[in-house]
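*Asks:* Input file: work-v2.cif. Contents: mmCIF, C-alpha atoms.
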data_structure
loop_
_atom_site.label_atom_id
_atom_site.label_comp_id
_atom_site.auth_asym_id
_atom_site.auth_seq_id
_atom_site.Cartn_x
_atom_site.Cartn_y
_atom_site.Cartn_z
CA MET D 1 -21.78 -5.91 -36.68
CA THR D 2 -20.36 -9.41 -36.41
CA SER D 3 -20.64 -11.38 -33.19
CA PRO D 4 -17.45 -11.81 -31.17
CA GLU D 5 -15.66 -15.08 -30.72
CA PHE D 6 -14.58 -16.30 -27.30
CA PHE D 7 -11.35 -17.67 -25.88
CA GLU D 8 -11.00 -19.33 -22.48
CA THR D 9 -7.78 -18.83 -20.55
CA GLN D 10 -6.14 -21.38 -18.26
CA GLN D 11 -7.51 -19.37 -15.35
CA GLY D 12 -11.04 -20.00 -16.64
CA ARG D 13 -11.67 -16.46 -17.84
CA ARG D 14 -13.75 -16.19 -21.04
CA LEU D 15 -12.46 -13.42 -23.30
CA ALA D 16 -14.48 -11.89 -26.12
CA TYR D 17 -12.52 -10.95 -29.21
CA HIS D 18 -12.56 -10.06 -32.90
CA PHE D 19 -9.70 -11.24 -35.09
CA THR D 20 -9.15 -10.02 -38.64
CA PRO D 21 -6.87 -12.29 -40.70
CA GLY D 22 -4.23 -10.63 -42.84
CA GLU D 23 -0.58 -9.94 -43.36
CA GLY D 24 1.63 -9.75 -40.29
CA PRO D 25 2.92 -8.48 -37.99
CA CYS D 26 -0.49 -8.54 -36.34
CA VAL D 27 -1.68 -5.25 -34.87
CA VAL D 28 -3.14 -5.82 -31.38
CA PHE D 29 -5.24 -3.12 -29.76
CA LEU D 30 -5.03 -3.00 -25.96
CA GLY D 31 -7.73 -0.83 -24.44
CA GLY D 32 -7.83 1.22 -21.29
CA LEU D 33 -9.24 0.68 -17.83
CA LYS D 34 -13.00 -0.01 -17.95
CA SER D 35 -13.06 0.52 -21.72
CA ASP D 36 -13.94 -2.17 -24.23
CA MET D 37 -13.09 -3.32 -27.74
CA GLU D 38 -15.97 -1.33 -29.25
CA GLY D 39 -14.24 2.00 -28.67
CA THR D 40 -13.51 4.53 -31.41
CA LYS D 41 -9.77 3.82 -31.63
CA ALA D 42 -10.20 0.04 -31.70
CA LEU D 43 -12.83 0.10 -34.43
CA HIS D 44 -10.96 2.72 -36.46
CA LEU D 45 -7.76 0.71 -36.37
CA GLU D 46 -9.63 -2.46 -37.30
CA ALA D 47 -11.10 -0.76 -40.37
CA TRP D 48 -7.69 0.64 -41.26
CA ALA D 49 -6.03 -2.77 -40.87
CA ARG D 50 -8.68 -4.43 -43.02
CA SER D 51 -8.18 -1.81 -45.75
CA LYS D 52 -4.44 -2.54 -45.71
CA GLY D 53 -4.81 -6.33 -45.56
CA ARG D 54 -3.21 -6.37 -42.11
CA ALA D 55 -3.94 -8.89 -39.36
CA PHE D 56 -5.66 -7.26 -36.41
CA LEU D 57 -6.88 -8.32 -32.96
CA ARG D 58 -9.09 -6.50 -30.48
CA PHE D 59 -10.47 -8.07 -27.31
CA ASP D 60 -11.97 -7.37 -23.91
CA TYR D 61 -10.00 -8.06 -20.76
CA SER D 62 -11.82 -10.07 -18.11
CA GLY D 63 -14.28 -7.85 -16.24
CA HIS D 64 -14.54 -5.60 -19.30
CA GLY D 65 -17.04 -5.47 -22.16
CA LEU D 66 -18.38 -8.87 -23.17
CA SER D 67 -15.75 -10.94 -21.37
CA SER D 68 -16.50 -12.88 -18.19
CA GLY D 69 -15.91 -11.63 -14.67
CA GLU D 70 -16.53 -8.48 -12.67
CA PHE D 71 -14.31 -5.43 -13.06
CA GLU D 72 -13.86 -5.01 -9.31
CA ASP D 73 -12.42 -8.52 -9.02
CA GLY D 74 -9.67 -7.81 -11.55
CA ALA D 75 -6.21 -6.26 -11.42
CA ILE D 76 -3.29 -5.37 -13.66
CA GLY D 77 -1.73 -8.83 -13.42
CA ASP D 78 -4.99 -10.54 -14.38
CA TRP D 79 -5.31 -8.42 -17.49
CA ALA D 80 -1.66 -9.06 -18.35
CA GLU D 81 -2.42 -12.79 -18.11
CA ASP D 82 -5.41 -12.26 -20.42
CA THR D 83 -3.28 -10.37 -22.93
CA ARG D 84 -0.50 -12.94 -22.91
CA ALA D 85 -2.90 -15.88 -23.17
CA ILE D 86 -4.95 -14.61 -26.09
CA THR D 87 -1.98 -13.35 -28.09
CA ASP D 88 -0.09 -16.61 -27.51
CA ALA D 89 -3.11 -18.56 -28.75
CA LEU D 90 -4.15 -16.47 -31.74
CA ILE D 91 -0.97 -14.87 -33.07
CA PRO D 92 1.72 -17.30 -34.24
CA GLY D 93 4.09 -14.63 -35.53
CA PRO D 94 5.28 -11.17 -34.54
CA MET D 95 2.89 -8.47 -33.39
CA VAL D 96 2.62 -4.73 -32.89
CA PRO D 97 0.71 -3.89 -29.69
CA VAL D 98 -1.12 -0.56 -29.68
CA GLY D 99 -1.83 0.28 -26.05
CA SER D 100 -4.19 3.05 -24.96
CA SER D 101 -3.97 4.40 -21.38
CA MET D 102 -3.90 1.33 -19.09
CA GLY D 103 -3.41 -0.63 -22.32
CA GLY D 104 -0.09 1.16 -22.68
CA TRP D 105 1.00 -0.41 -19.39
CA GLN D 106 -0.27 -3.75 -20.65
CA ALA D 107 1.70 -3.33 -23.88
CA LEU D 108 4.87 -2.69 -21.89
CA LEU D 109 4.26 -5.74 -19.70
CA LEU D 110 3.74 -7.85 -22.82
CA ALA D 111 6.90 -6.47 -24.38
CA ARG D 112 8.86 -7.20 -21.21
CA ALA D 113 7.52 -10.77 -21.11
CA VAL D 114 7.96 -11.72 -24.77
CA PRO D 115 10.24 -9.14 -26.46
CA GLU D 116 11.07 -11.66 -29.19
CA SER D 117 7.41 -11.59 -30.30
CA ILE D 118 7.17 -7.79 -30.58
CA ALA D 119 7.93 -6.18 -33.95
CA GLY D 120 7.18 -2.65 -32.74
CA LEU D 121 5.07 -0.81 -30.18
CA VAL D 122 2.68 2.15 -30.14
CA THR D 123 1.27 3.79 -27.01
CA ILE D 124 -1.54 6.34 -26.75
CA ALA D 125 -1.63 8.28 -23.47
CA ALA D 126 0.16 5.37 -21.81
CA ALA D 127 -0.42 5.04 -18.08
CA PRO D 128 2.32 2.76 -16.73
CA ASP D 129 2.38 2.28 -12.94
CA PHE D 130 -0.75 4.43 -12.48
CA THR D 131 -2.04 2.37 -9.55
CA GLU D 132 1.03 3.44 -7.58
CA ASP D 133 1.90 6.86 -9.02
CA GLY D 134 -1.67 7.98 -9.67
CA TYR D 135 -4.00 6.29 -7.22
CA TRP D 136 -1.85 5.46 -4.18
CA ALA D 137 0.30 8.59 -4.37
CA SER D 138 -2.79 10.82 -4.40
CA PHE D 139 -4.76 9.02 -1.69
CA SER D 140 -5.36 10.90 1.53
CA ASP D 141 -4.65 9.23 4.85
CA THR D 142 -8.40 8.70 5.17
CA GLN D 143 -8.57 6.93 1.80
CA LYS D 144 -5.56 4.75 2.63
CA THR D 145 -7.22 3.75 5.89
CA GLN D 146 -10.50 3.09 4.06
CA LEU D 147 -8.68 0.89 1.55
CA LYS D 148 -7.14 -1.12 4.41
CA THR D 149 -10.34 -1.46 6.44
CA GLU D 150 -12.97 -1.72 3.69
CA GLY D 151 -10.82 -3.08 0.87
CA ARG D 152 -11.96 -0.44 -1.64
CA VAL D 153 -12.15 3.26 -2.45
CA GLU D 154 -14.34 4.99 -5.03
CA LEU D 155 -12.74 7.65 -7.20
CA PRO D 156 -14.55 10.08 -9.53
CA SER D 157 -13.79 9.91 -13.24
CA ASP D 158 -13.94 12.60 -15.92
CA TYR D 159 -15.15 10.01 -18.43
CA MET D 160 -17.57 7.57 -16.73
CA GLU D 161 -18.99 6.42 -13.40
CA PRO D 162 -16.60 6.39 -10.45
CA TYR D 163 -13.70 3.95 -10.48
CA VAL D 164 -13.62 1.42 -7.68
CA VAL D 165 -10.03 0.93 -6.57
CA THR D 166 -9.52 -2.21 -4.52
CA GLN D 167 -6.76 -3.09 -2.12
CA ARG D 168 -5.89 -5.99 -4.42
CA MET D 169 -5.53 -3.68 -7.41
CA ILE D 170 -2.98 -1.57 -5.53
CA ALA D 171 -1.04 -4.59 -4.25
CA ASP D 172 -1.11 -6.35 -7.62
CA GLY D 173 -0.08 -3.15 -9.38
CA ARG D 174 3.06 -3.08 -7.24
CA ASP D 175 3.93 -6.53 -8.54
CA ASN D 176 3.72 -5.28 -12.13
CA LEU D 177 5.48 -1.89 -12.07
CA VAL D 178 7.58 -1.14 -15.16
CA LEU D 179 9.20 2.19 -14.33
CA ARG D 180 11.20 1.00 -11.31
CA SER D 181 13.51 -1.47 -13.05
CA PRO D 182 15.22 -1.65 -16.45
CA LEU D 183 12.77 -1.66 -19.35
CA ASP D 184 14.39 -2.79 -22.59
CA LEU D 185 12.30 -2.27 -25.72
CA PRO D 186 14.49 -3.61 -28.55
CA PHE D 187 12.30 -2.37 -31.40
CA ALA D 188 10.75 0.85 -32.68
CA VAL D 189 8.41 2.57 -30.20
CA ARG D 190 6.06 5.46 -30.94
CA CYS D 191 4.34 7.24 -28.04
CA LEU D 192 1.45 9.66 -28.52
CA GLN D 193 0.32 12.06 -25.79
CA GLY D 194 -2.12 14.96 -25.65
CA THR D 195 -1.21 18.08 -23.65
CA ALA D 196 -4.83 18.55 -22.51
CA ASP D 197 -5.02 15.04 -21.06
CA THR D 198 -6.44 15.28 -17.51
CA ALA D 199 -5.98 11.55 -16.79
CA VAL D 200 -2.33 11.05 -17.81
CA SER D 201 0.18 13.89 -17.64
CA THR D 202 2.88 14.73 -20.15
CA GLN D 203 5.31 14.11 -17.28
CA THR D 204 4.31 10.45 -17.35
CA ALA D 205 5.03 10.27 -21.08
CA LEU D 206 8.41 11.96 -20.60
CA ARG D 207 9.24 9.66 -17.69
CA LEU D 208 8.58 6.60 -19.86
CA LEU D 209 10.66 8.05 -22.69
CA ASP D 210 13.54 8.73 -20.32
CA HIS D 211 13.31 5.39 -18.52
CA ALA D 212 13.03 2.87 -21.36
CA THR D 213 15.91 1.66 -23.50
CA SER D 214 15.13 1.47 -27.21
CA PRO D 215 17.02 1.83 -30.48
CA ASP D 216 14.26 4.03 -31.91
CA MET D 217 11.79 5.55 -29.45
CA ARG D 218 9.89 8.77 -30.12
CA LEU D 219 7.27 10.77 -28.27
CA LEU D 220 4.80 13.00 -30.07
CA LEU D 221 3.06 15.63 -27.92
CA VAL D 222 -0.18 16.91 -29.44
CA LYS D 223 -1.26 20.33 -28.22
CA ASP D 224 -4.81 20.43 -26.80
CA ALA D 225 -5.52 16.73 -27.44
CA ASP D 226 -7.33 15.07 -24.53
CA HIS D 227 -7.14 11.58 -23.04
CA ARG D 228 -9.55 10.05 -25.53
CA PHE D 229 -7.25 10.92 -28.46
CA SER D 230 -10.13 9.96 -30.74
CA ASP D 231 -10.94 12.88 -33.03
CA GLY D 232 -10.08 12.78 -36.72
CA PRO D 233 -6.60 14.31 -36.55
CA CYS D 234 -5.62 12.14 -33.56
CA LEU D 235 -6.82 8.97 -35.27
CA GLY D 236 -4.71 9.96 -38.26
CA LEU D 237 -1.69 10.25 -35.97
CA VAL D 238 -2.39 6.78 -34.56
CA GLU D 239 -2.52 5.39 -38.10
CA ALA D 240 0.75 7.12 -38.95
CA ALA D 241 2.49 5.75 -35.85
CA VAL D 242 1.34 2.19 -36.55
CA THR D 243 2.33 2.52 -40.21
CA ASP D 244 5.74 3.79 -39.15
CA VAL D 245 6.58 0.85 -36.89
CA LEU D 246 5.15 -1.66 -39.36
CA THR D 247 7.25 -0.21 -42.16
CA LEU D 248 10.34 -0.50 -40.00
CA ALA D 249 9.42 -4.04 -38.99
CA ASP D 250 8.87 -5.02 -42.64
CA SER D 251 12.15 -3.52 -43.84
#
Mind turning this structure into structure tokens?
*Replies:*
Amino acid sequence: MTSPEFFETQQGRRLAYHFTPGEGPCVVFLGGLKSDMEGTKALHLEAWARSKGRAFLRFDYSGHGLSSGEFEDGAIGDWAEDTRAITDALIPGPMVPVGSSMGGWQALLLARAVPESIAGLVTIAAAPDFTEDGYWASFSDTQKTQLKTEGRVELPSDYMEPYVVTQRMIADGRDNLVLRSPLDLPFAVRCLQGTADTAVSTQTALRLLDHATSPDMRLLLVKDADHRFSDGPCLGLVEAAVTDVLTLADS
């Protein structure tokens, strides 16, 4: 296992990353909330990219993995700044973001900010606007009061220790919503979603498909696949989706 390199943003956040040189467009893996760049999908895609001679980037947002900062201090906008800063610095040409869960939201924010740099887009159980439509919408009056008075609420997770949701995360999320205003994705988009996902519903995937404007956007629903989307068949589907958009970008 090679040691990561580090990149410092203008905000002073130190981001850990691994970059594999190769042919472009560069594939950029954007992980989920509280995940890191050592996850199954990130490492699998890196190995796949290396075998194909493709450029590939994986990194940890601030407050995640080996990067600086505390998770509870971060928010969607901070991680969007991280994503924009590191891709601007390391990728001179076009890229194909592959966003998993919260990383799907990050991929959409990146595409909205720099559409001219995006050659294609892949999402895996994308969770756009989840701070508003997932967290805030499901909070009880007691939790909303707790958030206002204490500044934080703890939520149980099916996959790890409880999530801490801060008042800042909710407020910052509202500043970065992508499903409330036009979302133009002028390139091929492939969305993957499992029907047994307990974290992100198929309704979210369908809402994104209906909301966005794209010349070539497709959603693949995989029966009984869960939120991790990391078993052998699912990883094969991720490879196929990335190959598809790369082939279109290269043509």
*Asks:* Using all atoms listed in the file, which residue out of D:Tyr135, D:Pro4, D:Tyr61, D:Lys223 lies closest to Tyr163 in chain D?
*Replies:*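 Going through D:Tyr135, D:Pro4, D:Tyr61, D:Lys223 one by one, the smallest distance to Tyr163 in chain D is for D:Tyr135.
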*Asks:* Please build the interface table for range 164-192 of chain D against range 17-33 of chain D with a cut-off of 12 Å, listing for each qualifying residue the nearest atom pair and the distance in Å to one decimal; count only C-alpha atoms, order rows by chain and increasing number, and write it as JSON lines.
*Replies:*
{"residue": "D:Val164", "atom": "CA", "partner": "D:Leu33", "partner_atom": "CA", "distance": 11.1}
{"residue": "D:Val165", "atom": "CA", "partner": "D:Leu33", "partner_atom": "CA", "distance": 11.3}
{"residue": "D:Met169", "atom": "CA", "partner": "D:Leu33", "partner_atom": "CA", "distance": 11.9}
*Asks:* What does the distance between CA of Gln146 in chain D and CA of Gly65 in chain D come to in Å, to one decimal place?
*Replies:*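 Interatomic distance here is 28.3 Å.
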*Asks:* Which residue, D:Glu5, D:Asp133, D:Asp216, D:Asp175, has the smallest gap to Leu57 in chain D when you use all atoms listed in the file?
*Replies:*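 That would be D:Glu5, the residue with the smallest distance to Leu57 in chain D.
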*Asks:* Hey, what comes out of the PyMOL selection byres ((chain D and resi 220) around 7) on this file? Could you write it as a PyMOL selection string?
*Replies:* chain D and resi 191-193+218-219+221-222
*Asks:* When you count only C-alpha atoms, which of these residues is closest to Ala89 in chain D: D:Ala171, D:Leu108, D:Leu206, D:Leu15?
*Replies:* D:Leu15
*Asks:* List the residues matched by the PyMOL selection byres ((chain D and resi 179) around 8) in the displayed structure as an NGL selection string, ordered by chain and then by residue number.
*Replies:* :D and (128-129 or 177-178 or 180-183 or 208 or 211)
*Asks:* From the list D:Ala241, D:Thr166, D:Ser117, D:Val96, which residue is nearest Arg54 in chain D when using all atoms listed in the file?
*Replies:*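 Smallest separation from Arg54 in chain D among the options: D:Val96.
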*Asks:* Can you work out the spacing between CA of Leu235 in chain D and CA of Arg190 in chain D in Å, to one decimal?
*Replies:* 14.0 Å
*Asks:* For Leu45 in chain D, which residue among D:Gly93, D:Pro162, D:Gly194, D:Gly236 is the nearest when counting only C-alpha atoms?
*Replies:*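 Under the stated criterion, the closest residue is D:Gly236.
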